[in-house]
Amino acid sequence: MEVRTELISHLREKFFKKLDDEGPPDPKFHPADIARVKENNNWLRRFLEHNENNIQESLNMLWDTCIWRSKFGTNEITEENVRKDYLDIGLCFIHGKDKDGKTMFVIKCSLHTKGSKEFNQLQKLVVYWFERLERLTNGNQISLFFDMSDTGILNMDMEFIKYLINLCKSYYPNFFKLYYYF
């Protein structure tokens, strides 16, 4: 879907008007996210694409995303404050490109057993990788690949899957390239 530059400018204006009218939420938006709204047309374009150019829905989603990012501490997540043992086991990793040249993010499901990891730390690990991928790809779409080899019933963690779906649906709009093979 094509997003015209005027729509991006209009979304940006509405965001800052709402910020002026209502004041910052509690906790306040992170300065890096405010700068991103001011300067990153590609990020705003993704909200508009996700919401089929609906300005109000895009504004609501952008606002909610900035609130979530502030509460979750997204901008403060670094390799130094993610559980090193979770990072080292290779549950999630970047692996090359797909057939369309999109960076592939792999989740190796056999390395996770429901309840074996602190869920909040697992959430932080995923956000760490998503933010790293955002920087690496300049916000361009990526492919999410679930490696199900050697996976059994104990590796099925619906809470984790629901978390991933919610991240993609609510806070990382139009970040994933979806492929359907039948």
# chains A, B, ... in the order shown; residues from 1 in each chain; ligands from 1

call {"tool": "residues_around", "arguments": {"residues": "stretch 44-52 of chain A", "least_positions_apart": "6", "cutoff": "10 Å", "atoms": "only C-alpha atoms", "output": "ChimeraX atom specification"}}
result
/A:1-5,7-9,11-12,36-38,58-62,139-141,169-175

call {"tool": "closest_atom_pairs", "arguments": {"of": "stretch 8-50 of chain A", "to": "stretch 72-90 of chain A", "cutoff": "10 Å", "atoms": "only C-alpha atoms", "output": "tab-separated table"}}
result
residue	atom	partner	partner_atom	distance
A:His30	CA	A:Asn75	CA	7.5
A:Pro31	CA	A:Asn75	CA	9.4
A:Ala32	CA	A:Asn75	CA	7.4
A:Asp33	CA	A:Asn75	CA	8.3

call {"tool": "select_by_dssp", "arguments": {"residues": "stretch 50-95 of chain A", "states": "alpha helix (DSSP H)", "output": "PDB file with all heavy atoms, in the first residue's frame"}}
result
ATOM      1  N   HIS A  50       0.106  -0.285   8.259  1.00  0.00           N
ATOM      2  CA  HIS A  50      -0.563  -1.260   9.115  1.00  0.00           C
ATOM      3  C   HIS A  50      -2.049  -0.937   9.271  1.00  0.00           C
ATOM      4  O   HIS A  50      -2.874  -1.841   9.356  1.00  0.00           O
ATOM      5  CB  HIS A  50       0.120  -1.293  10.488  1.00  0.00           C
ATOM      6  CG  HIS A  50      -0.455  -2.283  11.433  1.00  0.00           C
ATOM      7  ND1 HIS A  50      -0.049  -3.601  11.456  1.00  0.00           N
ATOM      8  CD2 HIS A  50      -1.415  -2.171  12.389  1.00  0.00           C
ATOM      9  CE1 HIS A  50      -0.716  -4.254  12.390  1.00  0.00           C
ATOM     10  NE2 HIS A  50      -1.557  -3.411  12.965  1.00  0.00           N
ATOM     11  N   ILE A  55      -5.524   7.732   9.568  1.00  0.00           N
ATOM     12  CA  ILE A  55      -4.721   8.605  10.431  1.00  0.00           C
ATOM     13  C   ILE A  55      -5.047   8.389  11.905  1.00  0.00           C
ATOM     14  O   ILE A  55      -4.137   8.268  12.732  1.00  0.00           O
ATOM     15  CB  ILE A  55      -4.928  10.095  10.054  1.00  0.00           C
ATOM     16  CG1 ILE A  55      -4.384  10.387   8.655  1.00  0.00           C
ATOM     17  CG2 ILE A  55      -4.307  11.022  11.082  1.00  0.00           C
ATOM     18  CD1 ILE A  55      -2.880  10.468   8.589  1.00  0.00           C
ATOM     19  N   GLN A  56      -6.320   8.343  12.260  1.00  0.00           N
ATOM     20  CA  GLN A  56      -6.694   8.231  13.675  1.00  0.00           C
ATOM     21  C   GLN A  56      -6.239   6.898  14.267  1.00  0.00           C
ATOM     22  O   GLN A  56      -5.684   6.860  15.360  1.00  0.00           O
ATOM     23  CB  GLN A  56      -8.204   8.424  13.868  1.00  0.00           C
ATOM     24  CG  GLN A  56      -8.606   8.556  15.335  1.00  0.00           C
ATOM     25  CD  GLN A  56      -7.886   9.709  16.041  1.00  0.00           C
ATOM     26  OE1 GLN A  56      -7.859  10.831  15.550  1.00  0.00           O
ATOM     27  NE2 GLN A  56      -7.303   9.439  17.204  1.00  0.00           N
ATOM     28  N   GLU A  57      -6.445   5.808  13.539  1.00  0.00           N
ATOM     29  CA  GLU A  57      -5.993   4.502  14.037  1.00  0.00           C
ATOM     30  C   GLU A  57      -4.470   4.457  14.132  1.00  0.00           C
ATOM     31  O   GLU A  57      -3.919   3.882  15.073  1.00  0.00           O
ATOM     32  CB  GLU A  57      -6.514   3.379  13.139  1.00  0.00           C
ATOM     33  CG  GLU A  57      -7.999   3.132  13.303  1.00  0.00           C
ATOM     34  CD  GLU A  57      -8.506   2.037  12.386  1.00  0.00           C
ATOM     35  OE1 GLU A  57      -7.693   1.217  11.885  1.00  0.00           O
ATOM     36  OE2 GLU A  57      -9.735   1.980  12.178  1.00  0.00           O
ATOM     37  N   SER A  58      -3.796   5.065  13.169  1.00  0.00           N
ATOM     38  CA  SER A  58      -2.328   5.112  13.192  1.00  0.00           C
ATOM     39  C   SER A  58      -1.837   5.935  14.374  1.00  0.00           C
ATOM     40  O   SER A  58      -0.875   5.553  15.051  1.00  0.00           O
ATOM     41  CB  SER A  58      -1.789   5.704  11.886  1.00  0.00           C
ATOM     42  OG  SER A  58      -2.154   4.902  10.795  1.00  0.00           O
ATOM     43  N   LEU A  59      -2.492   7.053  14.640  1.00  0.00           N
ATOM     44  CA  LEU A  59      -2.136   7.893  15.780  1.00  0.00           C
ATOM     45  C   LEU A  59      -2.326   7.128  17.087  1.00  0.00           C
ATOM     46  O   LEU A  59      -1.447   7.136  17.958  1.00  0.00           O
ATOM     47  CB  LEU A  59      -2.970   9.178  15.798  1.00  0.00           C
ATOM     48  CG  LEU A  59      -2.791  10.078  17.018  1.00  0.00           C
ATOM     49  CD1 LEU A  59      -1.361  10.593  17.120  1.00  0.00           C
ATOM     50  CD2 LEU A  59      -3.788  11.236  16.967  1.00  0.00           C
ATOM     51  N   ASN A  60      -3.455   6.461  17.228  1.00  0.00           N
ATOM     52  CA  ASN A  60      -3.714   5.689  18.451  1.00  0.00           C
ATOM     53  C   ASN A  60      -2.661   4.607  18.652  1.00  0.00           C
ATOM     54  O   ASN A  60      -2.159   4.410  19.765  1.00  0.00           O
ATOM     55  CB  ASN A  60      -5.107   5.053  18.410  1.00  0.00           C
ATOM     56  CG  ASN A  60      -6.221   6.078  18.450  1.00  0.00           C
ATOM     57  OD1 ASN A  60      -6.031   7.236  18.829  1.00  0.00           O
ATOM     58  ND2 ASN A  60      -7.404   5.665  18.025  1.00  0.00           N
ATOM     59  N   MET A  61      -2.316   3.936  17.569  1.00  0.00           N
ATOM     60  CA  MET A  61      -1.322   2.866  17.662  1.00  0.00           C
ATOM     61  C   MET A  61       0.064   3.423  17.980  1.00  0.00           C
ATOM     62  O   MET A  61       0.786   2.863  18.807  1.00  0.00           O
ATOM     63  CB  MET A  61      -1.287   2.078  16.357  1.00  0.00           C
ATOM     64  CG  MET A  61      -0.376   0.885  16.393  1.00  0.00           C
ATOM     65  SD  MET A  61      -0.409   0.024  14.814  1.00  0.00           S
ATOM     66  CE  MET A  61       0.323  -1.527  15.308  1.00  0.00           C
ATOM     67  N   LEU A  62       0.433   4.521  17.335  1.00  0.00           N
ATOM     68  CA  LEU A  62       1.718   5.160  17.596  1.00  0.00           C
ATOM     69  C   LEU A  62       1.801   5.619  19.049  1.00  0.00           C
ATOM     70  O   LEU A  62       2.810   5.411  19.729  1.00  0.00           O
ATOM     71  CB  LEU A  62       1.908   6.340  16.637  1.00  0.00           C
ATOM     72  CG  LEU A  62       3.162   7.196  16.811  1.00  0.00           C
ATOM     73  CD1 LEU A  62       4.425   6.366  16.647  1.00  0.00           C
ATOM     74  CD2 LEU A  62       3.138   8.352  15.803  1.00  0.00           C
ATOM     75  N   TRP A  63       0.747   6.231  19.542  1.00  0.00           N
ATOM     76  CA  TRP A  63       0.685   6.714  20.926  1.00  0.00           C
ATOM     77  C   TRP A  63       0.835   5.540  21.897  1.00  0.00           C
ATOM     78  O   TRP A  63       1.654   5.586  22.820  1.00  0.00           O
ATOM     79  CB  TRP A  63      -0.630   7.451  21.145  1.00  0.00           C
ATOM     80  CG  TRP A  63      -0.718   8.212  22.416  1.00  0.00           C
ATOM     81  CD1 TRP A  63      -1.252   7.787  23.609  1.00  0.00           C
ATOM     82  CD2 TRP A  63      -0.267   9.555  22.652  1.00  0.00           C
ATOM     83  NE1 TRP A  63      -1.161   8.778  24.553  1.00  0.00           N
ATOM     84  CE2 TRP A  63      -0.566   9.873  23.988  1.00  0.00           C
ATOM     85  CE3 TRP A  63       0.347  10.507  21.843  1.00  0.00           C
ATOM     86  CZ2 TRP A  63      -0.256  11.101  24.541  1.00  0.00           C
ATOM     87  CZ3 TRP A  63       0.654  11.738  22.394  1.00  0.00           C
ATOM     88  CH2 TRP A  63       0.351  12.025  23.728  1.00  0.00           C
ATOM     89  N   ASP A  64       0.043   4.488  21.662  1.00  0.00           N
ATOM     90  CA  ASP A  64       0.102   3.308  22.532  1.00  0.00           C
ATOM     91  C   ASP A  64       1.480   2.645  22.478  1.00  0.00           C
ATOM     92  O   ASP A  64       1.979   2.154  23.492  1.00  0.00           O
ATOM     93  CB  ASP A  64      -0.973   2.290  22.141  1.00  0.00           C
ATOM     94  CG  ASP A  64      -2.383   2.763  22.465  1.00  0.00           C
ATOM     95  OD1 ASP A  64      -2.542   3.733  23.240  1.00  0.00           O
ATOM     96  OD2 ASP A  64      -3.331   2.160  21.920  1.00  0.00           O
ATOM     97  N   THR A  65       2.094   2.637  21.313  1.00  0.00           N
ATOM     98  CA  THR A  65       3.427   2.057  21.163  1.00  0.00           C
ATOM     99  C   THR A  65       4.445   2.850  21.972  1.00  0.00           C
ATOM    100  O   THR A  65       5.283   2.265  22.667  1.00  0.00           O
ATOM    101  CB  THR A  65       3.838   2.009  19.667  1.00  0.00           C
ATOM    102  OG1 THR A  65       2.937   1.120  18.993  1.00  0.00           O
ATOM    103  CG2 THR A  65       5.268   1.531  19.497  1.00  0.00           C
ATOM    104  N   CYS A  66       4.366   4.174  21.911  1.00  0.00           N
ATOM    105  CA  CYS A  66       5.306   5.008  22.679  1.00  0.00           C
ATOM    106  C   CYS A  66       5.105   4.823  24.180  1.00  0.00           C
ATOM    107  O   CYS A  66       6.083   4.797  24.940  1.00  0.00           O
ATOM    108  CB  CYS A  66       5.168   6.474  22.271  1.00  0.00           C
ATOM    109  SG  CYS A  66       5.828   6.818  20.625  1.00  0.00           S
ATOM    110  N   ILE A  67       3.857   4.670  24.608  1.00  0.00           N
ATOM    111  CA  ILE A  67       3.584   4.392  26.030  1.00  0.00           C
ATOM    112  C   ILE A  67       4.187   3.046  26.421  1.00  0.00           C
ATOM    113  O   ILE A  67       4.878   2.923  27.437  1.00  0.00           O
ATOM    114  CB  ILE A  67       2.067   4.426  26.323  1.00  0.00           C
ATOM    115  CG1 ILE A  67       1.540   5.862  26.239  1.00  0.00           C
ATOM    116  CG2 ILE A  67       1.757   3.813  27.692  1.00  0.00           C
ATOM    117  CD1 ILE A  67       0.029   5.981  26.320  1.00  0.00           C
ATOM    118  N   TRP A  68       3.919   2.009  25.613  1.00  0.00           N
ATOM    119  CA  TRP A  68       4.452   0.685  25.909  1.00  0.00           C
ATOM    120  C   TRP A  68       5.975   0.711  25.954  1.00  0.00           C
ATOM    121  O   TRP A  68       6.588   0.136  26.859  1.00  0.00           O
ATOM    122  CB  TRP A  68       3.970  -0.330  24.856  1.00  0.00           C
ATOM    123  CG  TRP A  68       4.659  -1.640  24.993  1.00  0.00           C
ATOM    124  CD1 TRP A  68       4.381  -2.630  25.897  1.00  0.00           C
ATOM    125  CD2 TRP A  68       5.788  -2.093  24.230  1.00  0.00           C
ATOM    126  NE1 TRP A  68       5.263  -3.679  25.730  1.00  0.00           N
ATOM    127  CE2 TRP A  68       6.134  -3.369  24.712  1.00  0.00           C
ATOM    128  CE3 TRP A  68       6.534  -1.550  23.183  1.00  0.00           C
ATOM    129  CZ2 TRP A  68       7.189  -4.103  24.194  1.00  0.00           C
ATOM    130  CZ3 TRP A  68       7.591  -2.280  22.663  1.00  0.00           C
ATOM    131  CH2 TRP A  68       7.900  -3.548  23.165  1.00  0.00           C
ATOM    132  N   ARG A  69       6.603   1.368  24.982  1.00  0.00           N
ATOM    133  CA  ARG A  69       8.064   1.429  24.923  1.00  0.00           C
ATOM    134  C   ARG A  69       8.635   2.083  26.177  1.00  0.00           C
ATOM    135  O   ARG A  69       9.645   1.655  26.710  1.00  0.00           O
ATOM    136  CB  ARG A  69       8.519   2.177  23.661  1.00  0.00           C
ATOM    137  CG  ARG A  69       8.241   1.407  22.379  1.00  0.00           C
ATOM    138  CD  ARG A  69       8.607   2.214  21.135  1.00  0.00           C
ATOM    139  NE  ARG A  69      10.017   2.484  21.091  1.00  0.00           N
ATOM    140  CZ  ARG A  69      10.952   1.627  20.664  1.00  0.00           C
ATOM    141  NH1 ARG A  69      10.596   0.436  20.221  1.00  0.00           N
ATOM    142  NH2 ARG A  69      12.236   1.952  20.659  1.00  0.00           N
ATOM    143  N   SER A  70       7.952   3.110  26.661  1.00  0.00           N
ATOM    144  CA  SER A  70       8.396   3.796  27.870  1.00  0.00           C
ATOM    145  C   SER A  70       8.255   2.893  29.100  1.00  0.00           C
ATOM    146  O   SER A  70       9.174   2.771  29.903  1.00  0.00           O
ATOM    147  CB  SER A  70       7.583   5.082  28.042  1.00  0.00           C
ATOM    148  OG  SER A  70       7.999   5.777  29.168  1.00  0.00           O
ATOM    149  N   LYS A  71       7.092   2.263  29.230  1.00  0.00           N
ATOM    150  CA  LYS A  71       6.848   1.382  30.384  1.00  0.00           C
ATOM    151  C   LYS A  71       7.754   0.156  30.375  1.00  0.00           C
ATOM    152  O   LYS A  71       8.236  -0.277  31.416  1.00  0.00           O
ATOM    153  CB  LYS A  71       5.383   0.934  30.412  1.00  0.00           C
ATOM    154  CG  LYS A  71       4.425   2.007  30.842  1.00  0.00           C
ATOM    155  CD  LYS A  71       3.002   1.493  30.875  1.00  0.00           C
ATOM    156  CE  LYS A  71       2.058   2.577  31.330  1.00  0.00           C
ATOM    157  NZ  LYS A  71       0.656   2.123  31.296  1.00  0.00           N
ATOM    158  N   PHE A  72       7.976  -0.415  29.196  1.00  0.00           N
ATOM    159  CA  PHE A  72       8.777  -1.630  29.084  1.00  0.00           C
ATOM    160  C   PHE A  72      10.269  -1.338  29.210  1.00  0.00           C
ATOM    161  O   PHE A  72      11.054  -2.222  29.531  1.00  0.00           O
ATOM    162  CB  PHE A  72       8.486  -2.334  27.743  1.00  0.00           C
ATOM    163  CG  PHE A  72       8.976  -3.744  27.674  1.00  0.00           C
ATOM    164  CD1 PHE A  72       8.242  -4.774  28.238  1.00  0.00           C
ATOM    165  CD2 PHE A  72      10.177  -4.051  27.056  1.00  0.00           C
ATOM    166  CE1 PHE A  72       8.689  -6.088  28.183  1.00  0.00           C
ATOM    167  CE2 PHE A  72      10.639  -5.352  26.993  1.00  0.00           C
ATOM    168  CZ  PHE A  72       9.895  -6.376  27.555  1.00  0.00           C
ATOM    169  N   LYS A  84      22.459 -13.205  29.783  1.00  0.00           N
ATOM    170  CA  LYS A  84      23.500 -13.736  28.888  1.00  0.00           C
ATOM    171  C   LYS A  84      23.260 -15.214  28.572  1.00  0.00           C
ATOM    172  O   LYS A  84      23.439 -15.641  27.435  1.00  0.00           O
ATOM    173  CB  LYS A  84      24.880 -13.534  29.515  1.00  0.00           C
ATOM    174  CG  LYS A  84      26.001 -13.986  28.609  1.00  0.00           C
ATOM    175  CD  LYS A  84      27.193 -13.089  28.695  1.00  0.00           C
ATOM    176  CE  LYS A  84      28.346 -13.514  27.863  1.00  0.00           C
ATOM    177  NZ  LYS A  84      28.121 -13.661  26.463  1.00  0.00           N
ATOM    178  N   ASP A  85      22.819 -15.983  29.562  1.00  0.00           N
ATOM    179  CA  ASP A  85      22.586 -17.403  29.310  1.00  0.00           C
ATOM    180  C   ASP A  85      21.444 -17.602  28.309  1.00  0.00           C
ATOM    181  O   ASP A  85      21.487 -18.509  27.488  1.00  0.00           O
ATOM    182  CB  ASP A  85      22.336 -18.173  30.609  1.00  0.00           C
ATOM    183  CG  ASP A  85      21.217 -17.602  31.456  1.00  0.00           C
ATOM    184  OD1 ASP A  85      20.973 -16.378  31.419  1.00  0.00           O
ATOM    185  OD2 ASP A  85      20.574 -18.380  32.196  1.00  0.00           O
ATOM    186  N   TYR A  86      20.433 -16.717  28.312  1.00  0.00           N
ATOM    187  CA  TYR A  86      19.347 -16.814  27.345  1.00  0.00           C
ATOM    188  C   TYR A  86      19.857 -16.446  25.949  1.00  0.00           C
ATOM    189  O   TYR A  86      19.451 -17.037  24.961  1.00  0.00           O
ATOM    190  CB  TYR A  86      18.197 -15.888  27.715  1.00  0.00           C
ATOM    191  CG  TYR A  86      17.398 -16.309  28.930  1.00  0.00           C
ATOM    192  CD1 TYR A  86      17.843 -17.297  29.800  1.00  0.00           C
ATOM    193  CD2 TYR A  86      16.195 -15.705  29.217  1.00  0.00           C
ATOM    194  CE1 TYR A  86      17.114 -17.662  30.910  1.00  0.00           C
ATOM    195  CE2 TYR A  86      15.440 -16.061  30.319  1.00  0.00           C
ATOM    196  CZ  TYR A  86      15.909 -17.049  31.161  1.00  0.00           C
ATOM    197  OH  TYR A  86      15.171 -17.406  32.263  1.00  0.00           O
ATOM    198  N   LEU A  87      20.734 -15.478  25.911  1.00  0.00           N
ATOM    199  CA  LEU A  87      21.311 -15.033  24.637  1.00  0.00           C
ATOM    200  C   LEU A  87      22.231 -16.111  24.063  1.00  0.00           C
ATOM    201  O   LEU A  87      22.198 -16.401  22.860  1.00  0.00           O
ATOM    202  CB  LEU A  87      22.088 -13.745  24.880  1.00  0.00           C
ATOM    203  CG  LEU A  87      22.327 -12.780  23.755  1.00  0.00           C
ATOM    204  CD1 LEU A  87      21.058 -12.409  23.031  1.00  0.00           C
ATOM    205  CD2 LEU A  87      23.014 -11.532  24.280  1.00  0.00           C
ATOM    206  N   ASP A  88      23.012 -16.737  24.922  1.00  0.00           N
ATOM    207  CA  ASP A  88      24.030 -17.696  24.488  1.00  0.00           C
ATOM    208  C   ASP A  88      23.477 -19.037  24.007  1.00  0.00           C
ATOM    209  O   ASP A  88      24.132 -19.716  23.215  1.00  0.00           O
ATOM    210  CB  ASP A  88      25.043 -17.950  25.605  1.00  0.00           C
ATOM    211  CG  ASP A  88      25.939 -16.747  25.861  1.00  0.00           C
ATOM    212  OD1 ASP A  88      25.964 -15.832  25.011  1.00  0.00           O
ATOM    213  OD2 ASP A  88      26.600 -16.714  26.916  1.00  0.00           O
TER     214      ASP A  88
END

call {"tool": "atom_distance", "arguments": {"atom1": "atom CA of A:Cys92", "atom2": "atom CA of A:Ile107"}}
result
4.6 Å

call {"tool": "atom_distance", "arguments": {"atom1": "atom CA of A:Asp157", "atom2": "atom CA of A:His95"}}
result
22.7 Å

call {"tool": "closest_residue", "arguments": {"among": "A:Asp26, A:Lys97, A:His112, A:Asn41", "to": "A:Asp150", "atoms": "only C-alpha atoms"}}
result
A:His112

call {"tool": "select_by_dssp", "arguments": {"residues": "stretch 60-168 of chain A", "states": "strand (DSSP E or B)", "output": "list in words"}}
result
Cys92, Phe93, Ile94, His95, Gly96, Lys97, Thr103, Met104, Phe105, Val106, Ile107, Lys108, Ile142, Ser143, Leu144, Phe145, Phe146 and Asp147 of chain A

call {"tool": "write_last_selection", "arguments": {"atoms": "N, CA and C atoms", "output": "short mmCIF file (atom, residue, chain, number, x, y, z; two decimals), in the first residue's frame"}}
result
data_model
loop_
_atom_site.label_atom_id
_atom_site.label_comp_id
_atom_site.auth_asym_id
_atom_site.auth_seq_id
_atom_site.Cartn_x
_atom_site.Cartn_y
_atom_site.Cartn_z
N CYS A 92 17.06 -17.52 19.87
CA CYS A 92 16.74 -16.57 18.80
C CYS A 92 18.05 -16.09 18.18
N PHE A 93 18.03 -15.93 16.86
CA PHE A 93 19.23 -15.42 16.20
C PHE A 93 18.89 -14.96 14.79
N ILE A 94 19.78 -14.16 14.23
CA ILE A 94 19.66 -13.68 12.86
C ILE A 94 20.42 -14.67 11.98
N HIS A 95 19.80 -15.02 10.85
CA HIS A 95 20.46 -16.00 9.96
C HIS A 95 20.19 -15.65 8.51
N GLY A 96 21.06 -14.90 7.91
CA GLY A 96 21.01 -14.65 6.47
C GLY A 96 19.78 -13.91 5.99
N LYS A 97 19.46 -14.17 4.72
CA LYS A 97 18.34 -13.50 4.05
C LYS A 97 17.41 -14.55 3.44
N THR A 103 15.98 -9.92 5.93
CA THR A 103 16.76 -10.53 7.01
C THR A 103 15.89 -11.55 7.73
N MET A 104 16.46 -12.72 7.99
CA MET A 104 15.70 -13.78 8.66
C MET A 104 16.01 -13.80 10.15
N PHE A 105 14.96 -13.82 10.94
CA PHE A 105 15.06 -13.96 12.39
C PHE A 105 14.52 -15.33 12.73
N VAL A 106 15.37 -16.16 13.32
CA VAL A 106 15.03 -17.56 13.59
C VAL A 106 14.77 -17.74 15.09
N ILE A 107 13.69 -18.45 15.38
CA ILE A 107 13.41 -18.89 16.74
C ILE A 107 13.49 -20.41 16.72
N LYS A 108 14.45 -20.94 17.45
CA LYS A 108 14.67 -22.39 17.49
C LYS A 108 13.85 -22.95 18.65
N ILE A 142 11.36 -7.87 8.05
CA ILE A 142 12.17 -9.07 8.24
C ILE A 142 11.27 -10.29 8.09
N SER A 143 11.86 -11.45 7.98
CA SER A 143 11.12 -12.71 7.96
C SER A 143 11.31 -13.41 9.29
N LEU A 144 10.22 -13.84 9.86
CA LEU A 144 10.25 -14.59 11.12
C LEU A 144 10.15 -16.07 10.76
N PHE A 145 11.11 -16.85 11.23
CA PHE A 145 11.18 -18.28 10.89
C PHE A 145 11.21 -19.09 12.18
N PHE A 146 10.24 -19.97 12.33
CA PHE A 146 10.22 -20.87 13.47
C PHE A 146 10.85 -22.19 13.06
N ASP A 147 12.00 -22.53 13.67
CA ASP A 147 12.66 -23.80 13.42
C ASP A 147 12.03 -24.82 14.38
#

call {"tool": "closest_residue", "arguments": {"among": "A:Glu13, A:Glu159, A:Asp100, A:Glu22", "to": "A:Gln123", "atoms": "only C-alpha atoms"}}
result
A:Glu159

call {"tool": "closest_residue", "arguments": {"among": "A:Ile34, A:Ile165, A:Leu122, A:Leu133", "to": "A:Leu19", "atoms": "only C-alpha atoms"}}
result
A:Ile34

call {"tool": "atom_distance", "arguments": {"atom1": "atom CA of A:Lys18", "atom2": "atom CA of A:Ala35"}}
result
15.8 Å

call {"tool": "residues_around", "arguments": {"residues": "A:Thr151", "least_positions_apart": "2", "cutoff": "7 Å", "atoms": "only C-alpha atoms", "output": "list in words"}}
result
Cys109, Ser110, Met148, Ser149 and Asn155 of chain A

call {"tool": "closest_residue", "arguments": {"among": "A:Leu164, A:Pro24, A:Lys114, A:Lys99", "to": "A:Val126", "atoms": "only C-alpha atoms"}}
result
A:Leu164

call {"tool": "decode", "arguments": {"residues": "stretch 100-141 of chain A", "atoms": "C-alpha atoms", "output": "PDB file, in the first residue's frame"}}
result
ATOM      1  CA  ASP A 100      13.242 -11.755  -1.192  1.00  0.00           C
ATOM      2  CA  GLY A 101      16.353 -10.398   0.523  1.00  0.00           C
ATOM      3  CA  LYS A 102      14.660  -9.895   3.905  1.00  0.00           C
ATOM      4  CA  THR A 103      16.764 -10.530   7.005  1.00  0.00           C
ATOM      5  CA  MET A 104      15.696 -13.779   8.660  1.00  0.00           C
ATOM      6  CA  PHE A 105      15.062 -13.956  12.390  1.00  0.00           C
ATOM      7  CA  VAL A 106      15.033 -17.557  13.591  1.00  0.00           C
ATOM      8  CA  ILE A 107      13.406 -18.892  16.745  1.00  0.00           C
ATOM      9  CA  LYS A 108      14.669 -22.390  17.494  1.00  0.00           C
ATOM     10  CA  CYS A 109      11.692 -23.840  19.328  1.00  0.00           C
ATOM     11  CA  SER A 110      13.463 -26.977  20.578  1.00  0.00           C
ATOM     12  CA  LEU A 111      15.638 -24.811  22.845  1.00  0.00           C
ATOM     13  CA  HIS A 112      12.672 -23.537  24.855  1.00  0.00           C
ATOM     14  CA  THR A 113      10.536 -25.496  27.263  1.00  0.00           C
ATOM     15  CA  LYS A 114       7.518 -23.777  28.779  1.00  0.00           C
ATOM     16  CA  GLY A 115       8.270 -22.648  32.323  1.00  0.00           C
ATOM     17  CA  SER A 116      12.016 -23.215  32.084  1.00  0.00           C
ATOM     18  CA  LYS A 117      12.856 -19.528  31.744  1.00  0.00           C
ATOM     19  CA  GLU A 118      11.746 -16.389  33.525  1.00  0.00           C
ATOM     20  CA  PHE A 119       9.008 -15.135  31.229  1.00  0.00           C
ATOM     21  CA  ASN A 120       9.799 -11.435  31.753  1.00  0.00           C
ATOM     22  CA  GLN A 121      13.426 -12.132  30.803  1.00  0.00           C
ATOM     23  CA  LEU A 122      12.299 -14.064  27.736  1.00  0.00           C
ATOM     24  CA  GLN A 123      10.136 -11.085  26.749  1.00  0.00           C
ATOM     25  CA  LYS A 124      13.112  -8.773  27.198  1.00  0.00           C
ATOM     26  CA  LEU A 125      15.255 -11.059  25.018  1.00  0.00           C
ATOM     27  CA  VAL A 126      12.747 -10.905  22.159  1.00  0.00           C
ATOM     28  CA  VAL A 127      12.457  -7.113  22.387  1.00  0.00           C
ATOM     29  CA  TYR A 128      16.260  -6.879  22.433  1.00  0.00           C
ATOM     30  CA  TRP A 129      16.378  -8.819  19.156  1.00  0.00           C
ATOM     31  CA  PHE A 130      13.519  -6.847  17.566  1.00  0.00           C
ATOM     32  CA  GLU A 131      15.227  -3.550  18.419  1.00  0.00           C
ATOM     33  CA  ARG A 132      18.540  -4.860  17.120  1.00  0.00           C
ATOM     34  CA  LEU A 133      16.842  -5.927  13.897  1.00  0.00           C
ATOM     35  CA  GLU A 134      15.156  -2.507  13.613  1.00  0.00           C
ATOM     36  CA  ARG A 135      18.591  -0.873  13.705  1.00  0.00           C
ATOM     37  CA  LEU A 136      20.226  -3.455  11.451  1.00  0.00           C
ATOM     38  CA  THR A 137      17.551  -3.257   8.745  1.00  0.00           C
ATOM     39  CA  ASN A 138      16.678   0.428   9.205  1.00  0.00           C
ATOM     40  CA  GLY A 139      13.117  -0.664  10.003  1.00  0.00           C
ATOM     41  CA  ASN A 140      12.673  -2.683   6.820  1.00  0.00           C
ATOM     42  CA  GLN A 141      10.639  -5.843   7.014  1.00  0.00           C
TER      43      GLN A 141
END
